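**Q** One structure, pasted below without further comment.
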Amino acid sequence: VHVLVLGDSLTYHGPERAELPADPRLWPNVMARALCPALGRGSEVRVDLVARMGWTARDGWWALTKDPRCWGEVLPRADAVVLALGQMDQLPAAVPTYLREGIPYLRPASVRTVVRRVYRASAPPVMRLTGGPWRQLPQPATDAYLGRIVQAVRYWRPGVPIVLLGPSPFDSPYYPAAAGHAPAVAAARSWSIANEVSFVDVDPLVLPSLRDGTANADGLHWSWRSHDLVGRALAATLGDQLREAASV
């Protein structure tokens, strides 16, 4: 059984650093192990991870349609799809995202270094002052790109179970405005219902580690306990659906 996971750094980043994707503590691998007994004796579950730091739903759509390995190899063999996207989308923005993402293209290098330093120093105060009214990706755009991904998956793999991972809570000095989190979770839940996609709310699985200090110091990435809980929650959600799909 192959599970395609489209996501961002929460799929491979732990409480201290980015880890090798095969690290057994990461939630995609916890999910795979927990799915094996749910699918029956002798089952093997493999994760096809397509993810990168800072990816939004738009980046996930681009990966699915522009990366030949993703659309030509990984998607055709997928027995289930986990959309771990929307985490970056919900974060507050100090400037339009295209300006921030354009910094690496500035030349010469000395100008790029100065602009990056100024942005990193000024963005958190701007977010704190404004309360974070702007998102890294507007909610309608997030919904639209997630919808495109689901349409593409269902076109190539009809009947494949799809699960959306809810936006993760955060308490970060780099994004010091969390007012948009609750609306993002509500929007993700509504989108899931409208698109007949399963939904896993990660708030109760991640918030305790943010409060007790076991999460990453950046206030964004998860503790190992959260990785374990999220992986098991996804396995519980996918298990019945995969068994049902196999019996058809």
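How things are named: the first chain in the structure tokens is A, the next is B, and so on; residues count from 1 in each chain; ligands count from 1 in the order shown.
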Sorted by chain and rising residue number, which residues of segment 163-216 of chain A lie within 10 Å of segment 106-126 of chain A, and what are their closest atom pairs and distances in Å to one decimal, counting only C-alpha atoms, as a Markdown table?

**A**
```
| residue | atom | partner | partner_atom | distance |
| --- | --- | --- | --- | --- |
| A:Ser172 | CA | A:Pro124 | CA | 9.5 |
| A:Pro173 | CA | A:Pro124 | CA | 7.0 |
| A:Tyr174 | CA | A:Pro124 | CA | 5.6 |
| A:Tyr175 | CA | A:Pro124 | CA | 5.9 |
| A:Pro176 | CA | A:Pro124 | CA | 6.2 |
| A:Ala177 | CA | A:Pro124 | CA | 8.6 |
```

**Q** Quick one: write out the picked residues with N, CA, C and O atoms as a PDB file, in the first residue's frame?

**A**
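Writing done, so here's selection_20.pdb:
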```
ATOM      1  N   SER A 172       4.827  31.359  17.575  1.00  0.00           N
ATOM      2  CA  SER A 172       6.175  31.581  17.065  1.00  0.00           C
ATOM      3  C   SER A 172       6.597  33.047  17.150  1.00  0.00           C
ATOM      4  O   SER A 172       5.820  33.937  16.787  1.00  0.00           O
ATOM      5  N   PRO A 173       7.839  33.300  17.564  1.00  0.00           N
ATOM      6  CA  PRO A 173       8.339  34.675  17.538  1.00  0.00           C
ATOM      7  C   PRO A 173       8.512  35.200  16.121  1.00  0.00           C
ATOM      8  O   PRO A 173       8.580  36.406  15.914  1.00  0.00           O
ATOM      9  N   TYR A 174       8.555  34.291  15.142  1.00  0.00           N
ATOM     10  CA  TYR A 174       8.696  34.715  13.752  1.00  0.00           C
ATOM     11  C   TYR A 174       7.358  35.090  13.133  1.00  0.00           C
ATOM     12  O   TYR A 174       7.304  35.837  12.149  1.00  0.00           O
ATOM     13  N   TYR A 175       6.279  34.577  13.718  1.00  0.00           N
ATOM     14  CA  TYR A 175       4.921  34.887  13.241  1.00  0.00           C
ATOM     15  C   TYR A 175       4.053  35.207  14.459  1.00  0.00           C
ATOM     16  O   TYR A 175       3.192  34.413  14.848  1.00  0.00           O
ATOM     17  N   PRO A 176       4.292  36.378  15.077  1.00  0.00           N
ATOM     18  CA  PRO A 176       3.660  36.687  16.365  1.00  0.00           C
ATOM     19  C   PRO A 176       2.231  37.216  16.243  1.00  0.00           C
ATOM     20  O   PRO A 176       1.877  38.253  16.820  1.00  0.00           O
ATOM     21  N   ALA A 177       1.399  36.512  15.503  1.00  0.00           N
ATOM     22  CA  ALA A 177      -0.007  36.879  15.381  1.00  0.00           C
ATOM     23  C   ALA A 177      -0.769  35.629  14.958  1.00  0.00           C
ATOM     24  O   ALA A 177      -0.621  35.165  13.834  1.00  0.00           O
TER      25      ALA A 177
END
```

**Q** Find the spatial neighbours of Gln139 of chain A, counting only C-alpha atoms, within a cut-off of 8 Å - ignore same-chain residues fewer than 3 positions away - and output them as a PyMOL selection string.

**A** chain A and resi 89-90+135+142-143+184+187

**Q** Can you spit out the residues from that selection as a PDB file, in the first residue's frame, using N, CA and C atoms?

**A**
```
ATOM      1  N   ASP A  89       0.069  28.422   4.595  1.00  0.00           N
ATOM      2  CA  ASP A  89      -0.926  29.348   4.052  1.00  0.00           C
ATOM      3  C   ASP A  89      -1.494  30.267   5.128  1.00  0.00           C
ATOM      4  N   GLN A  90      -1.762  29.698   6.317  1.00  0.00           N
ATOM      5  CA  GLN A  90      -2.455  30.423   7.372  1.00  0.00           C
ATOM      6  C   GLN A  90      -1.581  31.430   8.119  1.00  0.00           C
ATOM      7  N   ARG A 135      -2.643  36.837   5.153  1.00  0.00           N
ATOM      8  CA  ARG A 135      -2.105  35.475   5.182  1.00  0.00           C
ATOM      9  C   ARG A 135      -1.024  35.307   4.132  1.00  0.00           C
ATOM     10  N   THR A 142      -6.138  29.126  -1.139  1.00  0.00           N
ATOM     11  CA  THR A 142      -5.872  27.822  -0.524  1.00  0.00           C
ATOM     12  C   THR A 142      -6.959  26.826  -0.892  1.00  0.00           C
ATOM     13  N   ASP A 143      -8.210  27.240  -0.749  1.00  0.00           N
ATOM     14  CA  ASP A 143      -9.331  26.353  -1.070  1.00  0.00           C
ATOM     15  C   ASP A 143      -9.306  25.943  -2.541  1.00  0.00           C
ATOM     16  N   ALA A 184      -8.866  29.668   9.971  1.00  0.00           N
ATOM     17  CA  ALA A 184      -8.263  28.745   9.009  1.00  0.00           C
ATOM     18  C   ALA A 184      -8.722  27.311   9.269  1.00  0.00           C
ATOM     19  N   ALA A 187     -12.319  27.025   8.134  1.00  0.00           N
ATOM     20  CA  ALA A 187     -12.395  27.004   6.669  1.00  0.00           C
ATOM     21  C   ALA A 187     -11.961  25.642   6.131  1.00  0.00           C
TER      22      ALA A 187
END
```

**Q** Set the distance at 10 Å and use only C-alpha atoms: which residues neighbour Ala34 of chain A once local chain neighbours fewer than 3 positions away are removed? I'd like the list as a list in words.

**A**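 Contacts, with the query itself left out: Pro28, Asn29, Val30, Met31, Pro37, Ala38, Leu39, Val45, Asp228, Gly231, Arg232, Ala233, Leu234, Ala235, Ala236 and Gly239 of chain A.
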
**Q** I need the residue nearest Ala18 of chain A from this list: A:Cys36, A:Val230, A:His221, A:Arg148. Use only C-alpha atoms for the distance.

**A**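 Smallest distance to Ala18 of chain A is found for A:His221.
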
**Q** Give me the residues within 10 Å of Gln87 of chain A as a list in words, counting only C-alpha atoms and dropping any in the same chain fewer than 6 places off.

**A**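 These residues fall inside the cut-off: Gly7, Asp8, Ser9, Leu10, Gly54, Trp55, Thr56, Ala57, Gln136, Leu165, Gly166, Pro167, Ser168, Pro169, Phe170, His181, Ala184, Val185 and Leu220 of chain A.
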
**Q** Export all heavy atoms of the chosen residues as a short mmCIF file (atom, residue, chain, number, x, y, z; two decimals), in the first residue's frame?

**A**
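Listing of again_20.cif after writing:
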```
data_model
loop_
_atom_site.label_atom_id
_atom_site.label_comp_id
_atom_site.auth_asym_id
_atom_site.auth_seq_id
_atom_site.Cartn_x
_atom_site.Cartn_y
_atom_site.Cartn_z
N GLY A 7 3.04 17.81 1.44
CA GLY A 7 3.10 18.64 2.64
C GLY A 7 4.22 19.65 2.63
O GLY A 7 4.80 19.99 1.60
N ASP A 8 4.54 20.12 3.83
CA ASP A 8 5.61 21.09 4.02
C ASP A 8 6.59 20.53 5.05
O ASP A 8 6.65 19.32 5.25
CB ASP A 8 5.04 22.45 4.44
CG ASP A 8 4.20 22.37 5.71
OD1 ASP A 8 4.31 21.37 6.45
OD2 ASP A 8 3.43 23.31 5.99
N SER A 9 7.33 21.40 5.73
CA SER A 9 8.37 20.91 6.63
C SER A 9 7.84 20.20 7.86
O SER A 9 8.60 19.49 8.55
CB SER A 9 9.28 22.07 7.06
OG SER A 9 8.53 23.08 7.72
N LEU A 10 6.56 20.33 8.19
CA LEU A 10 6.01 19.61 9.32
C LEU A 10 6.04 18.10 9.10
O LEU A 10 5.91 17.33 10.04
CB LEU A 10 4.56 20.05 9.59
CG LEU A 10 4.39 21.44 10.21
CD1 LEU A 10 2.92 21.77 10.36
CD2 LEU A 10 5.10 21.54 11.55
N GLY A 54 8.11 25.49 3.72
CA GLY A 54 7.40 26.69 3.29
C GLY A 54 6.36 26.46 2.21
O GLY A 54 5.75 27.43 1.74
N TRP A 55 6.11 25.21 1.84
CA TRP A 55 5.15 24.96 0.78
C TRP A 55 3.73 25.32 1.21
O TRP A 55 3.32 25.01 2.34
CB TRP A 55 5.19 23.50 0.35
CG TRP A 55 6.09 23.27 -0.83
CD1 TRP A 55 6.96 24.14 -1.37
CD2 TRP A 55 6.21 22.06 -1.58
NE1 TRP A 55 7.62 23.57 -2.43
CE2 TRP A 55 7.17 22.30 -2.58
CE3 TRP A 55 5.60 20.81 -1.51
CZ2 TRP A 55 7.53 21.32 -3.51
CZ3 TRP A 55 5.96 19.85 -2.43
CH2 TRP A 55 6.91 20.10 -3.42
N THR A 56 3.00 25.94 0.30
CA THR A 56 1.58 26.20 0.49
C THR A 56 0.79 25.24 -0.40
O THR A 56 1.36 24.43 -1.12
CB THR A 56 1.24 27.65 0.10
OG1 THR A 56 1.50 27.82 -1.32
CG2 THR A 56 2.08 28.65 0.89
N ALA A 57 -0.53 25.37 -0.37
CA ALA A 57 -1.37 24.55 -1.24
C ALA A 57 -1.04 24.81 -2.71
O ALA A 57 -1.11 23.89 -3.54
CB ALA A 57 -2.84 24.83 -0.97
N GLN A 136 -0.20 34.28 4.33
CA GLN A 136 0.80 33.96 3.31
C GLN A 136 0.12 33.58 1.99
O GLN A 136 0.65 33.86 0.91
CB GLN A 136 1.69 32.81 3.79
CG GLN A 136 2.52 33.14 5.02
CD GLN A 136 3.60 34.18 4.75
OE1 GLN A 136 4.07 34.33 3.62
NE2 GLN A 136 3.99 34.91 5.78
N LEU A 165 -5.13 17.28 6.48
CA LEU A 165 -4.63 17.58 7.81
C LEU A 165 -4.95 19.04 8.11
O LEU A 165 -4.61 19.93 7.33
CB LEU A 165 -3.12 17.35 7.86
CG LEU A 165 -2.48 17.05 9.21
CD1 LEU A 165 -3.02 15.77 9.81
CD2 LEU A 165 -0.97 16.96 9.06
N GLY A 166 -5.61 19.30 9.22
CA GLY A 166 -6.00 20.65 9.56
C GLY A 166 -4.81 21.55 9.81
O GLY A 166 -3.71 21.08 10.13
N PRO A 167 -4.99 22.87 9.68
CA PRO A 167 -3.91 23.82 9.97
C PRO A 167 -3.41 23.66 11.40
O PRO A 167 -4.21 23.51 12.33
CB PRO A 167 -4.57 25.19 9.76
CG PRO A 167 -5.71 24.92 8.83
CD PRO A 167 -6.21 23.56 9.20
N SER A 168 -2.11 23.68 11.56
CA SER A 168 -1.51 23.45 12.87
C SER A 168 -1.47 24.72 13.71
O SER A 168 -1.18 25.81 13.20
CB SER A 168 -0.08 22.92 12.69
OG SER A 168 0.55 22.76 13.94
N PRO A 169 -1.73 24.59 15.01
CA PRO A 169 -1.55 25.75 15.90
C PRO A 169 -0.08 26.12 15.98
O PRO A 169 0.80 25.28 15.77
CB PRO A 169 -2.09 25.26 17.24
CG PRO A 169 -1.90 23.79 17.20
CD PRO A 169 -2.13 23.40 15.76
N PHE A 170 0.21 27.37 16.29
CA PHE A 170 1.59 27.81 16.39
C PHE A 170 1.70 28.94 17.41
O PHE A 170 0.72 29.62 17.72
CB PHE A 170 2.12 28.28 15.03
CG PHE A 170 1.34 29.44 14.43
CD1 PHE A 170 1.76 30.75 14.63
CD2 PHE A 170 0.19 29.21 13.69
CE1 PHE A 170 1.04 31.81 14.08
CE2 PHE A 170 -0.53 30.26 13.14
CZ PHE A 170 -0.10 31.56 13.33
N HIS A 181 -5.65 31.70 12.97
CA HIS A 181 -5.62 30.24 13.03
C HIS A 181 -7.01 29.63 13.13
O HIS A 181 -7.35 28.71 12.37
CB HIS A 181 -4.76 29.78 14.20
CG HIS A 181 -4.81 28.30 14.41
ND1 HIS A 181 -4.31 27.40 13.49
CD2 HIS A 181 -5.34 27.54 15.42
CE1 HIS A 181 -4.51 26.16 13.92
NE2 HIS A 181 -5.14 26.23 15.07
N ALA A 184 -8.87 29.67 9.97
CA ALA A 184 -8.26 28.74 9.01
C ALA A 184 -8.72 27.31 9.27
O ALA A 184 -9.00 26.56 8.32
CB ALA A 184 -6.74 28.83 9.07
N VAL A 185 -8.80 26.93 10.54
CA VAL A 185 -9.27 25.58 10.88
C VAL A 185 -10.73 25.42 10.46
O VAL A 185 -11.12 24.40 9.89
CB VAL A 185 -9.11 25.31 12.39
CG1 VAL A 185 -9.74 23.97 12.76
CG2 VAL A 185 -7.63 25.33 12.77
N LEU A 220 6.75 26.49 15.71
CA LEU A 220 6.06 26.04 14.51
C LEU A 220 6.08 24.52 14.37
O LEU A 220 5.06 23.91 14.05
CB LEU A 220 6.71 26.66 13.26
CG LEU A 220 6.67 28.18 13.14
CD1 LEU A 220 7.60 28.64 12.01
CD2 LEU A 220 5.25 28.66 12.88
#
```

**Q** Residues at most 12 Å from Ala245 of chain A, counting only C-alpha atoms, excluding those fewer than 5 positions away in the same chain, as a PyMOL selection string?

**A** chain A and resi 1+39+79-80+157-162+238-240

**Q** I need the residues in segment 20-109 of chain A that are helix (DSSP H, G or I) according to DSSP; give them as a PyMOL selection string.

**A** chain A and resi 27-39+57-66+68-77+97-101+103-105+109

**Q** Between atom CA of Phe199 of chain A and atom CA of Leu164 of chain A, measure the distance and give it in Å to one decimal.

**A**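 It comes out at 4.9 Å.
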
**Q** Taking 6 positions as the minimum chain separation for residues in the same chain, which residues sit within 10 Å of Leu49 of chain A when counting only C-alpha atoms? Answer as an mmCIF file with N, CA and C atoms, in the first residue's frame.

**A**
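Saved file part39.cif follows:
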```
data_model
loop_
_atom_site.group_PDB
_atom_site.id
_atom_site.type_symbol
_atom_site.label_atom_id
_atom_site.label_comp_id
_atom_site.auth_asym_id
_atom_site.auth_seq_id
_atom_site.Cartn_x
_atom_site.Cartn_y
_atom_site.Cartn_z
ATOM 1 N N VAL A 3 1.009 5.401 0.273
ATOM 2 C CA VAL A 3 0.302 6.612 0.696
ATOM 3 C C VAL A 3 1.109 7.821 0.245
ATOM 4 N N LEU A 4 0.503 8.644 -0.600
ATOM 5 C CA LEU A 4 1.143 9.876 -1.047
ATOM 6 C C LEU A 4 0.869 10.970 -0.030
ATOM 7 N N VAL A 5 1.930 11.586 0.473
ATOM 8 C CA VAL A 5 1.812 12.702 1.408
ATOM 9 C C VAL A 5 2.340 13.958 0.726
ATOM 10 N N LEU A 6 1.458 14.930 0.528
ATOM 11 C CA LEU A 6 1.844 16.245 0.012
ATOM 12 C C LEU A 6 1.882 17.207 1.187
ATOM 13 N N GLY A 7 3.038 17.812 1.444
ATOM 14 C CA GLY A 7 3.100 18.645 2.636
ATOM 15 C C GLY A 7 4.225 19.652 2.632
ATOM 16 N N ASP A 8 4.536 20.121 3.826
ATOM 17 C CA ASP A 8 5.609 21.091 4.025
ATOM 18 C C ASP A 8 6.589 20.531 5.052
ATOM 19 N N THR A 11 6.246 17.674 7.854
ATOM 20 C CA THR A 11 6.311 16.244 7.564
ATOM 21 C C THR A 11 7.677 15.650 7.880
ATOM 22 N N TYR A 12 8.705 16.478 7.973
ATOM 23 C CA TYR A 12 10.055 15.926 8.179
ATOM 24 C C TYR A 12 10.883 16.714 9.189
ATOM 25 N N PRO A 21 13.869 11.895 5.943
ATOM 26 C CA PRO A 21 12.474 11.484 5.774
ATOM 27 C C PRO A 21 12.162 10.078 6.277
ATOM 28 N N ALA A 22 13.181 9.216 6.351
ATOM 29 C CA ALA A 22 12.963 7.844 6.811
ATOM 30 C C ALA A 22 12.958 7.727 8.333
ATOM 31 N N PRO A 28 4.577 10.757 9.175
ATOM 32 C CA PRO A 28 4.231 9.888 8.043
ATOM 33 C C PRO A 28 4.632 8.427 8.272
ATOM 34 N N CYS A 70 6.271 13.091 -9.526
ATOM 35 C CA CYS A 70 5.042 13.143 -8.740
ATOM 36 C C CYS A 70 3.844 12.684 -9.558
ATOM 37 N N VAL A 74 4.555 8.675 -8.644
ATOM 38 C CA VAL A 74 4.014 8.589 -7.290
ATOM 39 C C VAL A 74 2.487 8.568 -7.286
ATOM 40 N N VAL A 82 -2.663 11.982 1.548
ATOM 41 C CA VAL A 82 -2.786 12.875 2.697
ATOM 42 C C VAL A 82 -2.364 14.271 2.258
#
```

**Q** For the atom pair atom CA of Pro15 of chain A and atom CA of Ala215 of chain A, what is the interatomic distance in Å to one decimal place?

**A**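 So the two atoms, atom CA of Pro15 of chain A and atom CA of Ala215 of chain A, lie 5.3 Å apart.
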
**Q** Which one is closest to Leu137 of chain A: A:Val153, A:Leu210, A:Arg58, A:Ala182? Count only C-alpha atoms.

**A** A:Arg58

**Q** For atom CA of Ala32 of chain A and atom CA of Asp48 of chain A, determine how far apart the two atoms are, in Å to one decimal place.

**A**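 Atom CA of Ala32 of chain A sits 10.5 Å away from atom CA of Asp48 of chain A.
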
**Q** Which of these, A:Ser190, A:Asn195, A:Thr130, A:Ser43, has the shortest distance to Arg154 of chain A once you count only C-alpha atoms?

**A** A:Asn195

**Q** Could you give me the residues within segment 3-236 of chain A that DSSP places in strand (DSSP E or B), as a list of chain:residue names?

**A** A:Val3, A:Leu4, A:Val5, A:Leu6, A:Gly7, A:His13, A:Ala18, A:Arg46, A:Val47, A:Asp48, A:Leu49, A:Val50, A:Ala51, A:Ala80, A:Val81, A:Val82, A:Leu83, A:Ala84, A:Pro92, A:Arg135, A:Ile162, A:Val163, A:Leu164, A:Leu165, A:Ser172, A:Tyr175, A:Ser198, A:Phe199, A:Val200

**Q** Out of A:Ala194, A:Thr214, A:Pro138, A:Val163, which residue has the shortest atom-to-atom distance to Leu242 of chain A when counting only C-alpha atoms?

**A**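 So, comparing all the options, the nearest one is A:Val163.
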